[in-house]
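Asker: This is run07.pdb (PDB, C-alpha atoms).
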ATOM      1  CA  MET A1390     -11.426  45.065   6.721
ATOM      2  CA  ASN A1391     -14.768  43.521   5.926
ATOM      3  CA  THR A1392     -15.823  41.279   8.823
ATOM      4  CA  ASP A1393     -19.159  40.271   7.302
ATOM      5  CA  THR A1394     -17.799  36.964   6.002
ATOM      6  CA  LEU A1395     -15.798  36.006   9.081
ATOM      7  CA  THR A1396     -17.378  33.446  11.333
ATOM      8  CA  ILE A1397     -16.570  33.250  14.978
ATOM      9  CA  PRO A1398     -16.628  29.746  16.457
ATOM     10  CA  GLU A1399     -19.576  29.227  18.717
ATOM     11  CA  GLU A1400     -19.011  28.314  22.303
ATOM     12  CA  GLY A1401     -18.212  24.627  22.629
ATOM     13  CA  GLN A1402     -16.962  24.452  19.051
ATOM     14  CA  ALA A1403     -13.269  23.563  18.856
ATOM     15  CA  ARG A1404     -10.831  25.925  17.191
ATOM     16  CA  ARG A1405      -8.159  24.495  14.928
ATOM     17  CA  LYS A1406      -4.752  24.394  16.493
ATOM     18  CA  LYS A1407      -2.089  26.315  14.608
ATOM     19  CA  ARG A1408       0.716  24.090  13.364
ATOM     20  CA  SER A1409       3.955  24.533  15.231
ATOM     21  CA  ASP A1410       5.898  24.622  11.950
ATOM     22  CA  ALA A1411       3.506  27.004  10.169
ATOM     23  CA  GLY A1412       5.340  29.454   7.972
ATOM     24  CA  LYS A1413       8.708  27.739   8.304
ATOM     25  CA  PRO A1414      10.330  26.697   5.040
ATOM     26  CA  HIS A1415      10.781  22.935   4.745
ATOM     27  CA  GLY A1416      13.427  23.035   2.021
ATOM     28  CA  PRO A1417      13.284  21.499  -1.423
ATOM     29  CA  HIS A1418      11.226  18.385  -2.144
ATOM     30  CA  LYS A1419      13.211  15.206  -1.516
ATOM     31  CA  PRO A1420      12.239  12.450  -3.948
ATOM     32  CA  ARG A1421      11.755   8.960  -2.520
ATOM     33  CA  GLN A1422      14.694   6.624  -2.891
ATOM     34  CA  ALA A1423      14.639   3.035  -4.093
ATOM     35  CA  CYS A1424      14.300   0.476  -1.293
ATOM     36  CA  GLN A1425      17.251  -1.606  -0.150
ATOM     37  CA  ILE A1426      16.726  -5.351  -0.668
ATOM     38  CA  THR A1427      18.374  -8.213   1.200
ATOM     39  CA  SER A1428      17.943 -11.764  -0.143
ATOM     40  CA  GLN A1429      17.909 -14.668   2.280
ATOM     41  CA  ASP A1430      18.726 -18.341   1.759
ATOM     42  CA  ASN A1431      15.211 -19.550   2.601
ATOM     43  CA  GLY A1432      13.575 -18.111  -0.539
ATOM     44  CA  THR A1433      12.526 -14.804   0.984
ATOM     45  CA  SER A1434      13.726 -11.250   0.555
ATOM     46  CA  LEU A1435      13.653  -8.380   3.014
ATOM     47  CA  ILE A1436      12.800  -4.897   1.763
ATOM     48  CA  ALA A1437      13.904  -2.048   4.029
ATOM     49  CA  LEU A1438      10.992   0.382   4.316
ATOM     50  CA  THR A1439      11.307   4.149   4.599
ATOM     51  CA  GLY A1440       9.108   7.065   5.567
ATOM     52  CA  THR A1441       7.414   8.240   8.723
ATOM     53  CA  HIS A1442       5.831   4.896   9.627
ATOM     54  CA  GLY A1443       8.235   2.588   7.801
ATOM     55  CA  THR A1444      11.648   3.590   9.109
ATOM     56  CA  GLY A1445      13.251   0.630  10.833
ATOM     57  CA  LYS A1446      10.705  -1.866   9.474
ATOM     58  CA  THR A1447      11.190  -4.517   6.813
ATOM     59  CA  LEU A1448       8.750  -6.097   4.408
ATOM     60  CA  ARG A1449       9.270  -9.833   3.900
ATOM     61  CA  VAL A1450       8.258 -11.213   0.487
ATOM     62  CA  SER A1451       8.959 -14.420  -1.409
ATOM     63  CA  THR A1452      11.897 -14.040  -3.778
ATOM     64  CA  ALA A1453       9.729 -15.256  -6.677
ATOM     65  CA  ASP A1454       7.369 -12.266  -6.182
ATOM     66  CA  LEU A1455      10.094  -9.655  -5.744
ATOM     67  CA  PRO A1456      10.656  -8.709  -9.444
ATOM     68  CA  ASP A1457       6.948  -7.991 -10.023
ATOM     69  CA  LEU A1458       6.662  -5.978  -6.815
ATOM     70  CA  MET A1459       9.742  -3.889  -7.612
ATOM     71  CA  ALA A1460       8.613  -3.285 -11.209
ATOM     72  CA  PHE A1461       5.108  -2.246 -10.118
ATOM     73  CA  THR A1462       6.358   0.087  -7.347
ATOM     74  CA  ASP A1463       9.209   1.673  -9.332
ATOM     75  CA  SER A1464      11.919  -0.052  -7.258
ATOM     76  CA  GLY A1465       9.949   0.531  -4.070
ATOM     77  CA  LYS A1466       9.474   4.282  -4.523
ATOM     78  CA  HIS A1467       5.673   3.845  -4.495
ATOM     79  CA  LEU A1468       5.701   1.420  -1.558
ATOM     80  CA  HIS A1469       4.333   3.039   1.593
ATOM     81  CA  VAL A1470       3.656   2.001   5.152
ATOM     82  CA  VAL A1471       0.249   3.134   6.361
ATOM     83  CA  PRO A1472      -1.013   2.856   9.951
ATOM     84  CA  SER A1473      -4.466   1.347  10.111
ATOM     85  CA  ASP A1474      -5.668   1.746  13.673
ATOM     86  CA  ALA A1475      -4.882   3.000  17.143
ATOM     87  CA  LEU A1476      -3.259  -0.324  18.065
ATOM     88  CA  GLY A1477      -0.266   0.468  15.878
ATOM     89  CA  HIS A1478      -0.916  -2.053  13.095
ATOM     90  CA  VAL A1479       0.703  -1.011   9.839
ATOM     91  CA  TYR A1480       0.205  -2.217   6.276
ATOM     92  CA  ALA A1481       2.356  -2.001   3.172
ATOM     93  CA  ARG A1482       0.449  -0.234   0.422
ATOM     94  CA  ILE A1483       1.209   0.858  -3.107
ATOM     95  CA  ASN A1484       0.330   4.265  -4.524
ATOM     96  CA  GLY A1485       0.902   6.032  -7.815
ATOM     97  CA  PRO A1486      -0.436   5.680 -11.346
ATOM     98  CA  ASN A1487      -0.137   1.886 -11.304
ATOM     99  CA  ALA A1488      -2.293   1.654  -8.181
ATOM    100  CA  GLN A1489      -4.883   3.897  -9.827
ATOM    101  CA  ALA A1490      -4.970   1.671 -12.880
ATOM    102  CA  TRP A1491      -5.122  -1.473 -10.710
ATOM    103  CA  LYS A1492      -8.241  -0.141  -8.982
ATOM    104  CA  HIS A1493      -9.710   1.403 -12.174
ATOM    105  CA  SER A1494      -9.826   4.719 -10.346
ATOM    106  CA  GLU A1495      -9.352   8.371 -11.195
ATOM    107  CA  ASN A1496      -8.440   9.216  -7.594
ATOM    108  CA  GLN A1497      -4.698   9.874  -7.333
ATOM    109  CA  ASN A1498      -4.743   9.043  -3.627
ATOM    110  CA  ASP A1499      -6.021   5.479  -4.048
ATOM    111  CA  LEU A1500      -3.801   2.826  -2.506
ATOM    112  CA  VAL A1501      -3.566  -0.916  -3.160
ATOM    113  CA  THR A1502      -2.394  -3.212  -0.390
ATOM    114  CA  ALA A1503       0.799  -5.034  -1.293
ATOM    115  CA  ALA A1504      -0.798  -8.340  -0.252
ATOM    116  CA  ARG A1505      -3.715  -7.832  -2.667
ATOM    117  CA  PHE A1506      -1.235  -6.994  -5.432
ATOM    118  CA  LEU A1507       0.814 -10.139  -4.786
ATOM    119  CA  VAL A1508      -2.299 -12.334  -4.829
ATOM    120  CA  GLY A1509      -3.333 -10.626  -8.084
ATOM    121  CA  GLU A1510      -6.887  -9.635  -7.296
ATOM    122  CA  THR A1511      -9.055  -6.632  -6.881
ATOM    123  CA  HIS A1512     -11.594  -6.495  -4.082
ATOM    124  CA  GLY A1513     -14.043  -9.280  -4.882
ATOM    125  CA  GLY A1514     -15.555  -9.738  -1.446
ATOM    126  CA  ARG A1515     -12.456 -11.596  -0.261
ATOM    127  CA  SER A1516      -9.903 -10.592   2.339
ATOM    128  CA  ILE A1517      -6.224 -11.434   2.300
ATOM    129  CA  ARG A1518      -5.073 -12.666   5.717
ATOM    130  CA  ASN A1519      -1.663 -13.203   7.240
ATOM    131  CA  LYS A1520      -1.476 -16.535   9.052
ATOM    132  CA  ASP A1521       1.031 -15.173  11.590
ATOM    133  CA  HIS A1522      -0.884 -11.847  11.933
ATOM    134  CA  ASN A1523       2.213  -9.908  10.831
ATOM    135  CA  SER A1524       1.025  -7.587   8.059
ATOM    136  CA  LEU A1525       4.601  -7.019   6.870
ATOM    137  CA  ASN A1526       5.219 -10.742   6.251
ATOM    138  CA  LEU A1527       3.908 -11.243   2.702
ATOM    139  CA  THR A1528       5.585 -14.556   1.908
ATOM    140  CA  ARG A1529       3.601 -17.109  -0.052
ATOM    141  CA  ASP A1530       3.321 -19.543   2.850
ATOM    142  CA  ASN A1531       1.948 -16.815   5.136
ATOM    143  CA  LEU A1532      -0.934 -15.535   2.973
ATOM    144  CA  GLU A1533      -4.423 -17.015   2.685
ATOM    145  CA  VAL A1534      -7.772 -15.847   1.339
ATOM    146  CA  LEU A1535     -10.731 -15.347   3.659
ATOM    147  CA  VAL A1536     -14.248 -15.332   2.256
ATOM    148  CA  PRO A1537     -16.274 -13.479   4.910
ATOM    149  CA  ALA A1538     -19.637 -14.496   3.443
ATOM    150  CA  ILE A1539     -19.034 -18.129   4.342
ATOM    151  CA  GLU A1540     -16.390 -17.509   7.047
ATOM    152  CA  GLU A1541     -13.903 -19.874   5.456
ATOM    153  CA  THR A1542     -10.224 -19.526   4.550
ATOM    154  CA  PHE A1543      -8.568 -20.975   1.464
ATOM    155  CA  THR A1544      -4.978 -21.508   0.444
ATOM    156  CA  ILE A1545      -3.819 -19.537  -2.578
ATOM    157  CA  ASP A1546      -3.121 -21.217  -5.909
ATOM    158  CA  TRP A1547       0.065 -19.300  -6.684
ATOM    159  CA  GLU A1548       0.182 -20.286 -10.372
ATOM    160  CA  LYS A1549      -3.214 -18.660 -10.897
ATOM    161  CA  ALA A1550      -2.283 -15.722  -8.661
ATOM    162  CA  VAL A1551       0.920 -14.981 -10.597
ATOM    163  CA  ALA A1552      -0.923 -15.270 -13.938
ATOM    164  CA  ALA A1553      -3.658 -12.881 -12.724
ATOM    165  CA  ARG A1554      -1.084 -10.456 -11.321
ATOM    166  CA  GLN A1555       0.926 -10.344 -14.531
ATOM    167  CA  ALA A1556      -2.208  -9.899 -16.652
ATOM    168  CA  LYS A1557      -3.283  -6.967 -14.466
ATOM    169  CA  MET A1558       0.240  -5.514 -14.601
ATOM    170  CA  GLN A1559       0.083  -5.615 -18.415
ATOM    171  CA  ALA A1560      -3.290  -3.865 -18.347
ATOM    172  CA  CYS A1561      -1.946  -1.249 -15.913
ATOM    173  CA  SER A1562       1.094  -0.502 -18.077
ATOM    174  CA  ALA A1563      -1.137  -0.211 -21.160
ATOM    175  CA  HIS A1564      -3.444   2.128 -19.224
ATOM    176  CA  SER A1565      -0.577   4.365 -18.052
ATOM    177  CA  GLN A1566       0.918   4.483 -21.575
ATOM    178  CA  ALA A1567      -2.445   5.521 -23.006
ATOM    179  CA  ALA A1568      -2.856   8.169 -20.298
ATOM    180  CA  SER A1569       0.569   9.662 -20.999
ATOM    181  CA  ARG A1570      -0.224  10.258 -24.674
TER     182      ARG A1570
END
Can you dump the structure from the file as structure tokens?
Answerer:
Amino acid sequence: MNTDTLTIPEEGQARRKKRSDAGKPHGPHKPRQACQITSQDNGTSLIALTGTHGTGKTLRVSTADLPDLMAFTDSGKHLHVVPSDALGHVYARINGPNAQAWKHSENQNDLVTAARFLVGETHGGRSIRNKDHNSLNLTRDNLEVLVPAIEETFTIDWEKAVAARQAKMQACSAHSQAASR
């Protein structure tokens, strides 16, 4: 065996820990299932989230926004829960070819926050905030736009937001159709 190319970690340099499940077969790939949806009388819908960080959690959205969200995420199959920090905050994000097209990206790992999708905007120097600080409550009355440059929050004009969202969804579907040819 040629040991010329092997490098031995220097003292003080950490060695990588071997995975406890290394070499064990994990079985066949299990495709993601569509999310279960529960409609409520107050104009909101609850989406049961799945996955490592989403099990047991629900995403609350306005019923008016639900069809667009389900169409864009393939019935919730591209809806993921991603932890953001050590404090345990989690965010609902969208991945897949639609998210790539939304961000005008070639990176297959790019994610779009569900809140940014619902408001219908790309990152234009604005942040989407939750009034109740619950990142899984994406109802229309709970979202607002923060402009950090002037440190001011604004309510969202939902007619404009829905029009912008649907225009971007059309562009994304045209982009994915062109890419599949």
Asker: Evaluating the PyMOL selection byres ((chain A and resi 1433) around 9) on the displayed file yields which residues, as number ranges by chain?
Answerer: A: 1427-1432, 1434-1435, 1449-1453, 1455, 1528
Asker: Just the number, please: distance in Å from CA of His1467 (chain A) to CA of Gln1497 (chain A), one decimal.
Answerer: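 Interatomic distance here is 12.3 Å.
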Asker: Between A:Thr1542, A:Thr1441, A:Gln1555, A:Asn1531, which is the closest to Val1471 (chain A) once you count only C-alpha atoms?
Answerer: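 So, comparing all the options, the nearest one is A:Thr1441.
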Asker: I need the output of the PyMOL selection byres ((chain A and resi 1491) around 9) for this file as a ChimeraX atom specification; which residues are they?
Answerer: /A:1486-1490,1492-1494,1501,1506,1511,1557-1558,1560-1561
Asker: I'd like to see the residues matched by the PyMOL selection byres ((chain A and resi 1468) around 7) on this file, and ideally I'd get them as a PyMOL selection string.
Answerer: chain A and resi 1462+1465-1467+1469+1481-1484
Asker: Using only C-alpha atoms, which of A:Val1479, A:Ile1436, A:Val1470, A:Leu1535 sits nearest His1512 (chain A)?
Answerer: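 Among the listed residues, the smallest separation from His1512 (chain A) belongs to A:Leu1535.
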Asker: Got a sec: who's within 12 Å of Glu1540 (chain A), counting only C-alpha atoms, leaving out chain neighbours fewer than 5 positions off, as a PyMOL selection string?
Answerer: chain A and resi 1514-1516+1534-1535
Asker: Between CA of Leu1532 (chain A) and CA of Ala1550 (chain A), what is the spacing in Å?
Answerer: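 Computing it gives 11.7 Å between the two atoms.
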Asker: Kindly give the distance, in Å, that separates CA of Val1551 (chain A) and CA of Gly1485 (chain A), rounded to a single decimal.
Answerer: 21.2 Å
Asker: Measuring between only C-alpha atoms, which one of A:Gly1440, A:Pro1472, A:Leu1458, A:Ala1556 shows the shortest distance to Lys1419 (chain A)?
Answerer: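 That would be A:Gly1440, the residue with the smallest distance to Lys1419 (chain A).
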Asker: Considering all atoms listed in the file, state which residue in the set A:Leu1507, A:Leu1438, A:Met1459, A:Ala1423 is at the smallest distance from Lys1549 (chain A).
Answerer: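 Closest to Lys1549 (chain A), using all atoms listed in the file: A:Leu1507.
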